[in-house]
$ cat structure_29.txt   # compact mmCIF, N, CA and C atoms
# COMPACT_ATOMS: atom_id res chain seq x y z
N MET A 1 92.98 97.17 -25.26
CA MET A 1 92.20 98.38 -25.36
C MET A 1 90.96 98.26 -24.49
N ALA A 2 90.66 99.31 -23.75
CA ALA A 2 89.49 99.32 -22.89
C ALA A 2 88.23 99.44 -23.74
N ASN A 3 87.14 98.95 -23.19
CA ASN A 3 85.86 99.01 -23.88
C ASN A 3 85.23 100.40 -23.65
N PRO A 4 85.10 101.22 -24.70
CA PRO A 4 84.53 102.55 -24.51
C PRO A 4 83.01 102.55 -24.31
N PHE A 5 82.36 101.39 -24.44
CA PHE A 5 80.91 101.31 -24.32
C PHE A 5 80.47 100.42 -23.15
N ALA A 6 81.35 100.29 -22.14
CA ALA A 6 81.07 99.41 -21.01
C ALA A 6 80.16 100.05 -19.96
N LYS A 7 80.03 101.36 -19.99
CA LYS A 7 79.18 102.04 -19.02
C LYS A 7 77.73 102.02 -19.51
N SER A 8 76.83 101.58 -18.65
CA SER A 8 75.41 101.49 -19.01
C SER A 8 74.80 102.87 -19.22
N ARG A 9 73.92 102.93 -20.20
CA ARG A 9 73.18 104.16 -20.50
C ARG A 9 71.69 103.90 -20.34
N LYS A 10 70.93 104.98 -20.30
CA LYS A 10 69.47 104.88 -20.20
C LYS A 10 68.87 104.70 -21.59
N THR A 11 67.64 104.23 -21.63
CA THR A 11 66.94 103.95 -22.88
C THR A 11 66.84 105.18 -23.78
N ASP A 12 66.71 106.35 -23.18
CA ASP A 12 66.57 107.56 -23.99
C ASP A 12 67.90 108.21 -24.36
N ALA A 13 69.01 107.55 -24.03
CA ALA A 13 70.35 108.07 -24.40
C ALA A 13 71.28 106.91 -24.75
N PRO A 14 70.90 106.07 -25.73
CA PRO A 14 71.73 104.90 -26.06
C PRO A 14 72.97 105.28 -26.87
N TYR A 15 73.87 104.32 -27.00
CA TYR A 15 75.04 104.51 -27.87
C TYR A 15 74.62 104.45 -29.33
N ALA A 16 73.67 103.56 -29.65
CA ALA A 16 73.23 103.38 -31.03
C ALA A 16 71.81 102.84 -31.05
N ILE A 17 71.15 103.05 -32.20
CA ILE A 17 69.81 102.52 -32.41
C ILE A 17 69.80 101.79 -33.75
N TYR A 18 69.30 100.56 -33.72
CA TYR A 18 69.15 99.75 -34.93
C TYR A 18 67.66 99.44 -35.09
N GLN A 19 67.19 99.34 -36.33
CA GLN A 19 65.80 98.98 -36.60
C GLN A 19 65.74 97.88 -37.65
N ALA A 20 64.63 97.13 -37.63
CA ALA A 20 64.40 96.06 -38.60
C ALA A 20 62.91 95.99 -38.90
N PRO A 21 62.55 95.34 -40.01
CA PRO A 21 61.12 95.18 -40.34
C PRO A 21 60.36 94.51 -39.20
N GLY A 22 59.07 94.79 -39.16
CA GLY A 22 58.24 94.21 -38.09
C GLY A 22 58.21 95.08 -36.85
N GLY A 23 58.69 96.31 -36.98
CA GLY A 23 58.66 97.21 -35.83
C GLY A 23 59.78 96.99 -34.82
N TRP A 24 60.77 96.19 -35.19
CA TRP A 24 61.88 95.93 -34.27
C TRP A 24 62.75 97.16 -34.10
N GLU A 25 63.13 97.43 -32.87
CA GLU A 25 64.09 98.48 -32.57
C GLU A 25 64.94 98.04 -31.39
N TRP A 26 66.25 98.16 -31.56
CA TRP A 26 67.19 97.84 -30.49
C TRP A 26 67.95 99.12 -30.14
N ARG A 27 67.97 99.47 -28.89
CA ARG A 27 68.78 100.59 -28.41
C ARG A 27 69.92 100.01 -27.59
N VAL A 28 71.13 100.23 -28.06
CA VAL A 28 72.32 99.65 -27.41
C VAL A 28 72.67 100.49 -26.20
N LEU A 29 72.58 99.86 -25.02
CA LEU A 29 72.83 100.56 -23.77
C LEU A 29 74.21 100.25 -23.19
N LYS A 30 74.80 99.14 -23.62
CA LYS A 30 76.11 98.73 -23.08
C LYS A 30 76.63 97.59 -23.94
N THR A 31 77.96 97.51 -24.09
CA THR A 31 78.57 96.34 -24.70
C THR A 31 79.52 95.72 -23.69
N TYR A 32 79.74 94.44 -23.81
CA TYR A 32 80.58 93.73 -22.84
C TYR A 32 82.01 93.56 -23.32
N LYS A 33 82.25 93.84 -24.60
CA LYS A 33 83.60 93.71 -25.16
C LYS A 33 83.91 94.93 -26.00
N ALA A 34 85.19 95.23 -26.13
CA ALA A 34 85.62 96.30 -27.03
C ALA A 34 85.26 95.90 -28.46
N PRO A 35 84.96 96.88 -29.32
CA PRO A 35 84.55 96.55 -30.69
C PRO A 35 85.52 95.63 -31.44
N ALA A 36 86.81 95.82 -31.27
CA ALA A 36 87.79 94.96 -31.95
C ALA A 36 87.67 93.51 -31.49
N ASN A 37 87.34 93.30 -30.22
CA ASN A 37 87.21 91.95 -29.69
C ASN A 37 85.88 91.30 -30.08
N GLU A 38 84.87 92.12 -30.34
CA GLU A 38 83.58 91.57 -30.77
C GLU A 38 83.70 90.87 -32.11
N LEU A 39 84.59 91.35 -32.96
CA LEU A 39 84.77 90.74 -34.28
C LEU A 39 85.23 89.30 -34.19
N LYS A 40 85.92 88.96 -33.11
CA LYS A 40 86.48 87.62 -32.95
C LYS A 40 85.54 86.68 -32.20
N ASP A 41 84.41 87.20 -31.73
CA ASP A 41 83.52 86.41 -30.89
C ASP A 41 82.08 86.48 -31.40
N ARG A 42 81.62 85.40 -32.02
CA ARG A 42 80.26 85.43 -32.55
C ARG A 42 79.21 85.42 -31.45
N TYR A 43 79.63 85.21 -30.20
CA TYR A 43 78.71 85.24 -29.07
C TYR A 43 78.83 86.53 -28.26
N ALA A 44 79.45 87.55 -28.83
CA ALA A 44 79.55 88.84 -28.15
C ALA A 44 78.13 89.37 -27.91
N ARG A 45 77.92 89.92 -26.71
CA ARG A 45 76.58 90.37 -26.32
C ARG A 45 76.54 91.88 -26.14
N TRP A 46 75.37 92.43 -26.38
CA TRP A 46 75.08 93.82 -26.06
C TRP A 46 73.87 93.84 -25.14
N MET A 47 73.90 94.76 -24.17
CA MET A 47 72.71 95.01 -23.35
C MET A 47 71.87 96.02 -24.13
N VAL A 48 70.62 95.69 -24.37
CA VAL A 48 69.77 96.54 -25.19
C VAL A 48 68.41 96.75 -24.53
N ALA A 49 67.75 97.79 -24.99
CA ALA A 49 66.32 97.97 -24.76
C ALA A 49 65.70 97.68 -26.12
N ALA A 50 64.87 96.65 -26.20
CA ALA A 50 64.30 96.23 -27.49
C ALA A 50 62.79 96.34 -27.44
N LYS A 51 62.23 96.70 -28.61
CA LYS A 51 60.77 96.68 -28.73
C LYS A 51 60.40 96.20 -30.11
N SER A 52 59.19 95.65 -30.19
CA SER A 52 58.64 95.17 -31.45
C SER A 52 57.14 95.04 -31.27
N GLU A 53 56.48 94.52 -32.30
CA GLU A 53 55.05 94.25 -32.16
C GLU A 53 54.80 93.21 -31.07
N ASN A 54 55.79 92.34 -30.85
CA ASN A 54 55.65 91.29 -29.83
C ASN A 54 55.70 91.82 -28.41
N THR A 55 56.24 93.03 -28.23
CA THR A 55 56.30 93.63 -26.89
C THR A 55 55.27 94.75 -26.76
N TRP A 56 54.30 94.76 -27.68
CA TRP A 56 53.23 95.76 -27.69
C TRP A 56 53.79 97.19 -27.71
N GLY A 57 54.94 97.35 -28.40
CA GLY A 57 55.53 98.67 -28.55
C GLY A 57 56.26 99.19 -27.33
N GLU A 58 56.39 98.38 -26.30
CA GLU A 58 57.10 98.77 -25.09
C GLU A 58 58.50 98.18 -25.10
N PHE A 59 59.45 98.88 -24.49
CA PHE A 59 60.82 98.39 -24.42
C PHE A 59 60.97 97.33 -23.34
N GLU A 60 61.72 96.29 -23.68
CA GLU A 60 62.14 95.28 -22.72
C GLU A 60 63.65 95.24 -22.74
N MET A 61 64.26 95.17 -21.57
CA MET A 61 65.72 95.21 -21.49
C MET A 61 66.29 93.81 -21.30
N GLY A 62 67.46 93.60 -21.91
CA GLY A 62 68.14 92.33 -21.78
C GLY A 62 69.33 92.26 -22.70
N ASP A 63 70.04 91.15 -22.64
CA ASP A 63 71.21 90.93 -23.50
C ASP A 63 70.78 90.22 -24.78
N THR A 64 71.47 90.55 -25.86
CA THR A 64 71.25 89.85 -27.13
C THR A 64 72.58 89.78 -27.86
N TYR A 65 72.69 88.85 -28.77
CA TYR A 65 73.93 88.71 -29.53
C TYR A 65 74.10 89.89 -30.48
N ALA A 66 75.26 90.49 -30.45
CA ALA A 66 75.56 91.64 -31.31
C ALA A 66 75.42 91.27 -32.77
N ASN A 67 75.86 90.07 -33.15
CA ASN A 67 75.80 89.70 -34.57
C ASN A 67 74.38 89.59 -35.09
N GLU A 68 73.41 89.27 -34.24
CA GLU A 68 72.01 89.22 -34.67
C GLU A 68 71.50 90.61 -35.01
N ILE A 69 71.85 91.59 -34.19
CA ILE A 69 71.41 92.96 -34.44
C ILE A 69 72.07 93.48 -35.71
N ILE A 70 73.36 93.24 -35.85
CA ILE A 70 74.09 93.71 -37.03
C ILE A 70 73.58 93.03 -38.31
N THR A 71 73.25 91.75 -38.21
CA THR A 71 72.78 91.00 -39.37
C THR A 71 71.38 91.42 -39.81
N TYR A 72 70.47 91.56 -38.86
CA TYR A 72 69.07 91.80 -39.20
C TYR A 72 68.64 93.26 -39.09
N GLY A 73 69.40 94.06 -38.36
CA GLY A 73 69.03 95.45 -38.16
C GLY A 73 69.79 96.40 -39.07
N ARG A 74 69.29 97.62 -39.12
CA ARG A 74 69.93 98.69 -39.88
C ARG A 74 70.21 99.81 -38.90
N LEU A 75 71.45 100.29 -38.90
CA LEU A 75 71.83 101.38 -38.01
C LEU A 75 71.11 102.65 -38.44
N VAL A 76 70.33 103.23 -37.53
CA VAL A 76 69.59 104.46 -37.86
C VAL A 76 70.06 105.66 -37.05
N ALA A 77 70.81 105.42 -35.97
CA ALA A 77 71.34 106.50 -35.16
C ALA A 77 72.51 105.98 -34.33
N ALA A 78 73.49 106.87 -34.09
CA ALA A 78 74.66 106.45 -33.30
C ALA A 78 75.41 107.68 -32.81
N THR A 79 76.11 107.49 -31.71
CA THR A 79 76.99 108.55 -31.22
C THR A 79 78.22 108.60 -32.14
N PRO A 80 78.90 109.73 -32.19
CA PRO A 80 80.13 109.80 -32.99
C PRO A 80 81.16 108.75 -32.57
N GLU A 81 81.24 108.46 -31.28
CA GLU A 81 82.19 107.45 -30.78
C GLU A 81 81.84 106.06 -31.31
N TRP A 82 80.56 105.76 -31.37
CA TRP A 82 80.10 104.46 -31.90
C TRP A 82 80.49 104.33 -33.37
N LEU A 83 80.23 105.38 -34.14
CA LEU A 83 80.56 105.34 -35.56
C LEU A 83 82.06 105.18 -35.78
N GLU A 84 82.86 105.89 -35.02
CA GLU A 84 84.31 105.80 -35.17
C GLU A 84 84.80 104.39 -34.84
N ALA A 85 84.28 103.80 -33.78
CA ALA A 85 84.68 102.45 -33.39
C ALA A 85 84.25 101.42 -34.43
N ARG A 86 83.09 101.61 -35.06
CA ARG A 86 82.59 100.66 -36.05
C ARG A 86 83.31 100.78 -37.39
N LYS A 87 83.88 101.93 -37.69
CA LYS A 87 84.64 102.09 -38.94
C LYS A 87 85.79 101.09 -38.99
N ALA A 88 86.42 100.86 -37.84
CA ALA A 88 87.54 99.92 -37.78
C ALA A 88 87.09 98.49 -38.10
N SER A 89 85.79 98.21 -37.90
CA SER A 89 85.30 96.86 -38.19
C SER A 89 84.60 96.79 -39.54
N GLY A 90 84.77 97.82 -40.38
CA GLY A 90 84.27 97.76 -41.74
C GLY A 90 82.96 98.48 -42.00
N PHE A 91 82.36 99.11 -41.00
CA PHE A 91 81.10 99.83 -41.22
C PHE A 91 81.35 101.02 -42.14
N GLN A 92 80.48 101.18 -43.11
CA GLN A 92 80.54 102.31 -44.04
C GLN A 92 79.22 103.05 -43.98
N SER A 93 79.27 104.36 -43.81
CA SER A 93 78.03 105.15 -43.85
C SER A 93 77.76 105.64 -45.26
N TRP A 94 78.69 105.40 -46.20
CA TRP A 94 78.54 105.76 -47.59
C TRP A 94 78.20 107.25 -47.76
N GLY A 95 78.78 108.07 -46.90
CA GLY A 95 78.60 109.51 -47.01
C GLY A 95 77.28 110.02 -46.46
N MET A 96 76.45 109.12 -45.97
CA MET A 96 75.17 109.54 -45.39
C MET A 96 75.39 109.99 -43.96
N LYS A 97 74.68 111.02 -43.56
CA LYS A 97 74.77 111.48 -42.18
C LYS A 97 73.92 110.56 -41.31
N VAL A 98 74.54 110.00 -40.31
CA VAL A 98 73.82 109.17 -39.34
C VAL A 98 73.52 110.08 -38.15
N PRO A 99 72.24 110.27 -37.83
CA PRO A 99 71.92 111.17 -36.71
C PRO A 99 72.36 110.58 -35.37
N THR A 100 72.50 111.44 -34.39
CA THR A 100 72.76 110.96 -33.03
C THR A 100 71.48 110.35 -32.49
N PRO A 101 71.57 109.51 -31.47
CA PRO A 101 70.34 108.97 -30.88
C PRO A 101 69.38 110.07 -30.40
N GLU A 102 69.94 111.14 -29.84
CA GLU A 102 69.10 112.24 -29.36
C GLU A 102 68.33 112.88 -30.51
N GLU A 103 69.01 113.10 -31.64
CA GLU A 103 68.35 113.68 -32.82
C GLU A 103 67.26 112.73 -33.35
N PHE A 104 67.58 111.45 -33.41
CA PHE A 104 66.65 110.46 -33.93
C PHE A 104 65.39 110.36 -33.05
N ILE A 105 65.59 110.28 -31.74
CA ILE A 105 64.48 110.16 -30.81
C ILE A 105 63.60 111.41 -30.87
N ALA A 106 64.22 112.58 -30.95
CA ALA A 106 63.46 113.84 -30.99
C ALA A 106 62.63 113.96 -32.27
N SER A 107 63.09 113.35 -33.36
CA SER A 107 62.38 113.45 -34.63
C SER A 107 61.26 112.43 -34.78
N ASN A 108 61.18 111.49 -33.88
CA ASN A 108 60.13 110.44 -33.97
C ASN A 108 59.07 110.60 -32.92
$ encode --input "structure_29.txt" --output "structure tokens"
Amino acid sequence: MANPFAKSRKTDAPYAIYQAPGGWEWRVLKTYKAPANELKDRYARWMVAAKSENTWGEFEMGDTYANEIITYGRLVAATPEWLEARKASGFQSWGMKVPTPEEFIASN
């Protein structure tokens, strides 16, 4: 299966946004593996724009391990394609509406 998230996106139009305490925010701009293959690789990476108190609130771009974001972050926004792909790996929205990244960014 081809990776539907292999094309790079801009910071203001990510595939998904995750947040964690301490002001952490990761915007997923690209993944290097298809979601099904990420489950088998604990070193699967995502290209992200990340910000926190340590970056003085500014985004810095780079690769990070997908499992770190999933473990420590909470999904706060995602494209419909991202949500559909994550359902296969066990993600549950528990009936809550997850806004798109555009909706989330516009509301903040």
$ closest_residue --input "structure_29.txt" --among "A:Lys40, A:Lys51, A:Arg45, A:Arg86" --to "Arg27 (chain A)" --atoms "only C-alpha atoms"
A:Lys51
$ closest_residue --input "structure_29.txt" --among "A:Glu102, A:Asp41, A:Glu25, A:Glu53" --to "Ala77 (chain A)" --atoms "all atoms listed in the file"
A:Glu102
$ select_by_dssp --input "structure_29.txt" --residues "chain A" --states "alpha helix (DSSP H)" --output "PyMOL selection string"
chain A and resi 35-38+66-72+80-87+101-107
$ residues_around --input "structure_29.txt" --residues "region 96-101 of chain A" --least-positions-apart "3" --cutoff "5 Å" --atoms "all atoms listed in the file" --output "list in words"
Ala77, Ala78, Thr79, Ser93, Phe104 and Ile105 of chain A
$ closest_residue --input "structure_29.txt" --among "A:Ala44, A:Phe5, A:Pro80, A:Ser52" --to "Tyr65 (chain A)" --atoms "all atoms listed in the file"
A:Ala44
$ atom_distance --input "structure_29.txt" --atom1 "atom C of Leu39 (chain A)" --atom2 "CA of Thr64 (chain A)"
15.7 Å
$ closest_residue --input "structure_29.txt" --among "A:Pro4, A:Gly73, A:Gly23, A:Val28" --to "Met61 (chain A)" --atoms "only C-alpha atoms"
A:Val28
$ axis_aligned_box --input "structure_29.txt" --around "region 59-68 of chain A" --padding-each-side "5 Å" --output "JSON"
{"center_x": 67.7, "center_y": 93.8, "center_z": -28.2, "size_x": 26.4, "size_y": 20.2, "size_z": 23.8}
$ atom_distance --input "structure_29.txt" --atom1 "atom N of Gly62 (chain A)" --atom2 "CA of Trp26 (chain A)"
9.6 Å
$ select_by_dssp --input "structure_29.txt" --residues "chain A" --states "strand (DSSP E or B)" --output "ChimeraX atom specification"
/A:16-20,24-31,45-51,60-65,74-78
$ residues_around --input "structure_29.txt" --residues "region 6-9 of chain A" --least-positions-apart "6" --cutoff "7 Å" --atoms "only N, CA and C atoms" --output "PyMOL selection string"
chain A and resi 15+28-33
$ closest_residue --input "structure_29.txt" --among "A:Trp56, A:Glu103, A:Asn108, A:Ala20" --to "Tyr72 (chain A)" --atoms "all atoms listed in the file"
A:Ala20
$ atom_distance --input "structure_29.txt" --atom1 "atom C of Asn67 (chain A)" --atom2 "atom C of Ser107 (chain A)"
26.3 Å
